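*Asks:* I have a structure I would like to understand better, so I am pasting it below and will then ask my questions one at a time.
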Amino acid sequence: MKFGQKGKELLLDLKRSSQDYQSETHAIINIPPYNMDAVRSCIDESTYHYSELAALATATPSSQTDGSSDNVDGKAVKQQRMGFNLRPALLLHDACLRKNKRCLLAYHAYRADRVREIRWEGMGGGALGLPEHVLTNMLDVEVEFFSKYDELLSSHCTSINLDLTSALEPPDSFHLIEIRVVSPNVGTIITEDGSEMNLEAGTIHYLQYTDVEHLIRQGLVELLSTGDST
């Protein structure tokens with residue numbers, strides 16, 4: 001039995017399935033099917049290593065002693081050491097267990113990142129907004145995670161009056177400015193991306209410079225920051 005191979009096989013399959021699935025569907029928004037069999041095999045192997053570690057840890061210690069003693073609460077306690085013959089097995093099972101754990105975490109971290117990326121690629125509206133070819137490849141917990149993440153991101157965009165997912169590339173920080181509305185006569189404006197923005201007096205917004213340049217010139221809004229850290 002080749003110990004520690006299940007985790008490696010899981011990641012290799014993830015790499016292959018990601019490339020094959022994208023080439024077959026030609027879809028920009030996609031996620032490979034969840035490999036339940038490979039995950040279970042990895043968990044089963046990890047359980048085996050854990051059981052072997054537990055058995056070795058509870059094994060009868062070697063009768064060898066180093067002759068030293070510690071005085072605890074006035075009582076001499078001889079130190080006992082596990083036999084050297086058990087140490088290689090302990091190290092082997094521990095290393096394999098840790099390797100499989102890292103591979104499982106990496107596999108699920110990739111899928112969690114991919115679920116978040118799908119939301120940033122414009123798939124809002126919760127699970128109902130997901131394409132069928134994406135939804136069928138996700139676990140129920142992943143669909144729930146997507147819905148919760150969608151709610152958080154949408155709520156944040158609403159709170160700052162800015163749709164952070166409106167462009168595929170991040171906006172130039174120099175052109176994304178912070179303003180305060182100082183006049184009660186501004187009302188609602190239409191931004192370059194076609195969304196409406198209600199500029200009430202006293203409120204603060206992050207907008208593209210080109211959206212409010214005329215308002216700045218007229219003194220209707222106050223420029224607080226250009227977002228340029230340099």
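Identifiers in this document derive from the order of the structure tokens: chains are assigned A, B, ..., residues are numbered from 1 separately in each chain, and ligands are numbered from 1 in order of occurrence.
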Would you pick out the contacts of region 5-7 of chain A at 9 Å or less, using only C-alpha atoms, so that residues sharing its chain but fewer than 5 positions from it are not included, and give the list as a PyMOL selection string?
*Replies:* chain A and resi 12+38-39+41-43+45+96+99-104
*Asks:* With C-alpha atoms retained, export the selected residues as an mmCIF file, in the first residue's frame.
*Replies:*
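Dumped to selection_36.cif:
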data_model
loop_
_atom_site.group_PDB
_atom_site.id
_atom_site.type_symbol
_atom_site.label_atom_id
_atom_site.label_comp_id
_atom_site.auth_asym_id
_atom_site.auth_seq_id
_atom_site.Cartn_x
_atom_site.Cartn_y
_atom_site.Cartn_z
ATOM 1 C CA LEU A 12 -4.051 15.590 -9.663
ATOM 2 C CA ALA A 38 -11.633 10.514 -4.191
ATOM 3 C CA VAL A 39 -12.451 12.615 -1.126
ATOM 4 C CA SER A 41 -10.804 7.505 -0.204
ATOM 5 C CA CYS A 42 -8.562 10.225 1.172
ATOM 6 C CA ILE A 43 -10.595 10.418 4.377
ATOM 7 C CA GLU A 45 -6.817 6.515 4.405
ATOM 8 C CA CYS A 96 0.935 10.586 5.768
ATOM 9 C CA LYS A 99 -0.118 15.161 3.872
ATOM 10 C CA ASN A 100 -3.673 13.955 3.278
ATOM 11 C CA LYS A 101 -5.000 16.729 5.505
ATOM 12 C CA ARG A 102 -3.142 19.380 3.488
ATOM 13 C CA CYS A 103 -4.442 17.907 0.233
ATOM 14 C CA LEU A 104 -8.042 17.855 1.479
#
*Asks:* Taking the DSSP assignment computed from this structure's backbone, write out as a PyMOL selection string all residues of region 31-62 of chain A that belong to alpha helix (DSSP H).
*Replies:* chain A and resi 36-57
*Asks:* Produce a file of the selected residues containing C-alpha atoms, as a PDB file, in the first residue's frame.
*Replies:*
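Output below, filename selection_17.pdb:
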ATOM      1  CA  MET A  36     -16.855  12.424  -3.781  1.00  0.00           C
ATOM      2  CA  ASP A  37     -15.151   9.048  -4.307  1.00  0.00           C
ATOM      3  CA  ALA A  38     -11.633  10.514  -4.191  1.00  0.00           C
ATOM      4  CA  VAL A  39     -12.451  12.615  -1.126  1.00  0.00           C
ATOM      5  CA  ARG A  40     -13.863   9.596   0.705  1.00  0.00           C
ATOM      6  CA  SER A  41     -10.804   7.505  -0.204  1.00  0.00           C
ATOM      7  CA  CYS A  42      -8.562  10.225   1.172  1.00  0.00           C
ATOM      8  CA  ILE A  43     -10.595  10.418   4.377  1.00  0.00           C
ATOM      9  CA  ASP A  44     -10.595   6.616   4.768  1.00  0.00           C
ATOM     10  CA  GLU A  45      -6.817   6.515   4.405  1.00  0.00           C
ATOM     11  CA  SER A  46      -6.471   9.334   6.921  1.00  0.00           C
ATOM     12  CA  THR A  47      -8.707   7.443   9.356  1.00  0.00           C
ATOM     13  CA  TYR A  48      -6.474   4.407   8.987  1.00  0.00           C
ATOM     14  CA  HIS A  49      -3.347   6.422   9.749  1.00  0.00           C
ATOM     15  CA  TYR A  50      -5.044   8.015  12.757  1.00  0.00           C
ATOM     16  CA  SER A  51      -6.037   4.598  14.113  1.00  0.00           C
ATOM     17  CA  GLU A  52      -2.483   3.311  13.696  1.00  0.00           C
ATOM     18  CA  LEU A  53      -1.123   6.370  15.484  1.00  0.00           C
ATOM     19  CA  ALA A  54      -3.570   5.891  18.356  1.00  0.00           C
ATOM     20  CA  ALA A  55      -2.611   2.219  18.670  1.00  0.00           C
ATOM     21  CA  LEU A  56       1.107   3.027  18.691  1.00  0.00           C
ATOM     22  CA  ALA A  57       0.643   5.837  21.210  1.00  0.00           C
TER      23      ALA A  57
END
*Asks:* Would you pick out the contacts of region 198-207 of chain A at 6 Å or less, using only C-alpha atoms, so that residues sharing its chain but fewer than 3 positions from it are not included, and give the list as a VMD selection string?
*Replies:* chain A and resid 176 to 184 187 to 188
*Asks:* Between A:Glu117, A:Leu128, A:His133, A:Ser159, which one has atoms that come closest to Ser147 (chain A), using only C-alpha atoms?
*Replies:*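 So, comparing all the options, the nearest one is A:Leu128.
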*Asks:* Smallest atom-to-atom distance to Pro131 (chain A): which of A:Ile118, A:Leu14, A:Pro33, A:Ile216, using only C-alpha atoms?
*Replies:*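 Smallest distance to Pro131 (chain A) is found for A:Ile118.
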*Asks:* Just how far from CA of Glu142 (chain A) is CA of Asp13 (chain A), in Å to one decimal?
*Replies:*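 Going from CA of Asp13 (chain A) over to CA of Glu142 (chain A) covers 19.4 Å.
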*Asks:* Within region 75-201 of chain A, find each residue whose DSSP state, derived from the backbone, is strand (DSSP E or B), and express the selection as a VMD selection string.
*Replies:* chain A and resid 75 to 78 176 to 181 187 to 190 196 to 199
*Asks:* Determine the nearest neighbour of Met123 (chain A) from the options A:Pro88, A:Asp193, A:Asn30, A:His214, counting only C-alpha atoms.
*Replies:*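 For Met123 (chain A), the nearest of the candidates is A:Asn30.
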*Asks:* I'd like the interatomic distance between CA of Gly122 (chain A) and CA of His108 (chain A), to a tenth of an Å.
*Replies:*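 Straight-line distance from CA of Gly122 (chain A) to CA of His108 (chain A) works out to 22.1 Å.
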*Asks:* Residues at most 12 Å from Leu130 (chain A), counting only C-alpha atoms, excluding those fewer than 4 positions away in the same chain, as a VMD selection string?
*Replies:* chain A and resid 29 to 31 115 118 to 119 121 to 126 134 to 138 142 to 143 146 to 147 150
*Asks:* So that I have them on file, write out the residues from the current selection with all heavy atoms, as a short mmCIF file (atom, residue, chain, number, x, y, z; two decimals), in the first residue's frame.
*Replies:*
data_model
loop_
_atom_site.label_atom_id
_atom_site.label_comp_id
_atom_site.auth_asym_id
_atom_site.auth_seq_id
_atom_site.Cartn_x
_atom_site.Cartn_y
_atom_site.Cartn_z
N ILE A 29 -17.70 30.69 -16.94
CA ILE A 29 -18.17 30.46 -15.57
C ILE A 29 -18.40 28.97 -15.39
O ILE A 29 -19.34 28.39 -15.95
CB ILE A 29 -19.47 31.25 -15.32
CG1 ILE A 29 -19.23 32.74 -15.51
CG2 ILE A 29 -20.01 30.96 -13.93
CD1 ILE A 29 -20.47 33.58 -15.39
N ASN A 30 -17.52 28.31 -14.64
CA ASN A 30 -17.64 26.87 -14.46
C ASN A 30 -16.96 26.44 -13.18
O ASN A 30 -16.16 27.19 -12.60
CB ASN A 30 -17.04 26.12 -15.65
CG ASN A 30 -15.55 26.37 -15.78
OD1 ASN A 30 -14.75 25.80 -15.03
ND2 ASN A 30 -15.15 27.23 -16.70
N ILE A 31 -17.26 25.24 -12.74
CA ILE A 31 -16.60 24.60 -11.60
C ILE A 31 -16.63 23.10 -11.87
O ILE A 31 -17.65 22.58 -12.33
CB ILE A 31 -17.30 24.95 -10.27
CG1 ILE A 31 -16.51 24.40 -9.09
CG2 ILE A 31 -18.74 24.46 -10.25
CD1 ILE A 31 -17.03 24.89 -7.74
N VAL A 115 -16.09 29.23 -6.06
CA VAL A 115 -17.47 29.66 -5.80
C VAL A 115 -17.52 31.18 -5.63
O VAL A 115 -18.41 31.85 -6.17
CB VAL A 115 -18.03 28.96 -4.55
CG1 VAL A 115 -19.37 29.58 -4.13
CG2 VAL A 115 -18.22 27.46 -4.82
N ILE A 118 -17.11 32.88 -9.02
CA ILE A 118 -18.33 32.83 -9.82
C ILE A 118 -19.23 34.01 -9.48
O ILE A 118 -19.83 34.63 -10.36
CB ILE A 118 -19.06 31.49 -9.60
CG1 ILE A 118 -18.26 30.35 -10.23
CG2 ILE A 118 -20.46 31.53 -10.19
CD1 ILE A 118 -18.81 28.97 -9.93
N ARG A 119 -19.32 34.35 -8.20
CA ARG A 119 -20.13 35.51 -7.80
C ARG A 119 -19.54 36.80 -8.36
O ARG A 119 -20.27 37.68 -8.84
CB ARG A 119 -20.22 35.60 -6.27
CG ARG A 119 -20.93 36.85 -5.76
CD ARG A 119 -22.35 36.93 -6.30
NE ARG A 119 -23.02 38.16 -5.91
CZ ARG A 119 -22.98 39.30 -6.60
NH1 ARG A 119 -22.28 39.36 -7.74
NH2 ARG A 119 -23.62 40.36 -6.19
N GLU A 121 -17.91 37.11 -11.02
CA GLU A 121 -18.06 37.10 -12.48
C GLU A 121 -19.46 37.50 -12.92
O GLU A 121 -19.80 37.40 -14.09
CB GLU A 121 -17.68 35.72 -13.03
CG GLU A 121 -16.18 35.44 -12.96
CD GLU A 121 -15.86 33.98 -13.16
OE1 GLU A 121 -16.81 33.17 -13.25
OE2 GLU A 121 -14.67 33.63 -13.22
N GLY A 122 -20.25 37.96 -11.96
CA GLY A 122 -21.56 38.51 -12.30
C GLY A 122 -22.74 37.63 -12.01
O GLY A 122 -23.88 38.00 -12.33
N MET A 123 -22.52 36.46 -11.40
CA MET A 123 -23.63 35.56 -11.12
C MET A 123 -24.28 35.89 -9.79
O MET A 123 -24.05 35.23 -8.77
CB MET A 123 -23.14 34.10 -11.13
CG MET A 123 -22.73 33.59 -12.49
SD MET A 123 -24.14 33.44 -13.63
CE MET A 123 -23.97 34.95 -14.59
N GLY A 124 -25.07 36.95 -9.73
CA GLY A 124 -25.77 37.33 -8.52
C GLY A 124 -27.14 36.69 -8.46
O GLY A 124 -27.51 35.86 -9.28
N GLY A 125 -27.93 37.09 -7.47
CA GLY A 125 -29.28 36.58 -7.34
C GLY A 125 -29.39 35.26 -6.62
O GLY A 125 -30.40 34.56 -6.73
N GLY A 126 -28.33 34.87 -5.86
CA GLY A 126 -28.38 33.62 -5.13
C GLY A 126 -28.28 32.41 -6.03
O GLY A 126 -27.86 32.49 -7.19
N VAL A 134 -23.33 24.80 -13.79
CA VAL A 134 -22.58 25.10 -12.57
C VAL A 134 -23.28 24.51 -11.36
O VAL A 134 -22.65 23.89 -10.50
CB VAL A 134 -22.43 26.63 -12.39
CG1 VAL A 134 -21.82 26.96 -11.03
CG2 VAL A 134 -21.56 27.21 -13.50
N LEU A 135 -24.58 24.68 -11.31
CA LEU A 135 -25.37 24.23 -10.16
C LEU A 135 -25.28 22.72 -9.97
O LEU A 135 -25.20 22.23 -8.83
CB LEU A 135 -26.83 24.66 -10.34
CG LEU A 135 -27.74 24.57 -9.12
CD1 LEU A 135 -27.20 25.42 -7.98
CD2 LEU A 135 -29.16 24.99 -9.48
N THR A 136 -25.28 21.97 -11.07
CA THR A 136 -25.25 20.51 -10.96
C THR A 136 -23.91 19.98 -10.47
O THR A 136 -23.83 18.84 -10.00
CB THR A 136 -25.56 19.87 -12.33
OG1 THR A 136 -24.66 20.39 -13.31
CG2 THR A 136 -26.99 20.17 -12.75
N ASN A 137 -22.86 20.77 -10.55
CA ASN A 137 -21.53 20.33 -10.12
C ASN A 137 -21.19 20.76 -8.70
O ASN A 137 -20.08 20.50 -8.22
CB ASN A 137 -20.46 20.87 -11.07
CG ASN A 137 -20.49 20.19 -12.42
OD1 ASN A 137 -21.02 19.10 -12.56
ND2 ASN A 137 -19.92 20.84 -13.42
N MET A 138 -22.13 21.41 -8.02
CA MET A 138 -21.88 21.91 -6.67
C MET A 138 -22.63 21.09 -5.63
O MET A 138 -23.74 20.62 -5.89
CB MET A 138 -22.29 23.38 -6.57
CG MET A 138 -21.47 24.32 -7.44
SD MET A 138 -22.15 26.01 -7.51
CE MET A 138 -22.02 26.52 -5.79
N GLU A 142 -22.10 23.93 -0.85
CA GLU A 142 -21.47 24.93 -1.69
C GLU A 142 -22.50 25.91 -2.24
O GLU A 142 -22.23 27.11 -2.35
CB GLU A 142 -20.71 24.25 -2.83
CG GLU A 142 -19.50 23.46 -2.37
CD GLU A 142 -18.81 22.71 -3.49
OE1 GLU A 142 -19.51 22.24 -4.41
OE2 GLU A 142 -17.57 22.57 -3.45
N VAL A 143 -23.67 25.39 -2.57
CA VAL A 143 -24.75 26.27 -3.03
C VAL A 143 -25.17 27.21 -1.91
O VAL A 143 -25.40 28.40 -2.13
CB VAL A 143 -25.96 25.43 -3.52
CG1 VAL A 143 -27.14 26.34 -3.86
CG2 VAL A 143 -25.57 24.58 -4.72
N PHE A 146 -22.53 29.85 -1.52
CA PHE A 146 -22.65 30.84 -2.58
C PHE A 146 -23.76 31.84 -2.26
O PHE A 146 -23.60 33.05 -2.43
CB PHE A 146 -22.93 30.16 -3.91
CG PHE A 146 -23.18 31.12 -5.05
CD1 PHE A 146 -22.13 31.69 -5.75
CD2 PHE A 146 -24.48 31.47 -5.40
CE1 PHE A 146 -22.36 32.59 -6.77
CE2 PHE A 146 -24.72 32.36 -6.43
CZ PHE A 146 -23.66 32.93 -7.12
N SER A 147 -24.90 31.33 -1.80
CA SER A 147 -26.04 32.21 -1.50
C SER A 147 -25.70 33.18 -0.37
O SER A 147 -26.02 34.37 -0.45
CB SER A 147 -27.26 31.37 -1.13
OG SER A 147 -27.67 30.55 -2.20
N ASP A 150 -23.21 35.72 -1.66
CA ASP A 150 -23.92 36.65 -2.54
C ASP A 150 -24.65 37.71 -1.71
O ASP A 150 -24.63 38.90 -2.05
CB ASP A 150 -24.90 35.87 -3.41
CG ASP A 150 -25.79 36.79 -4.23
OD1 ASP A 150 -25.26 37.72 -4.87
OD2 ASP A 150 -27.01 36.58 -4.25
#
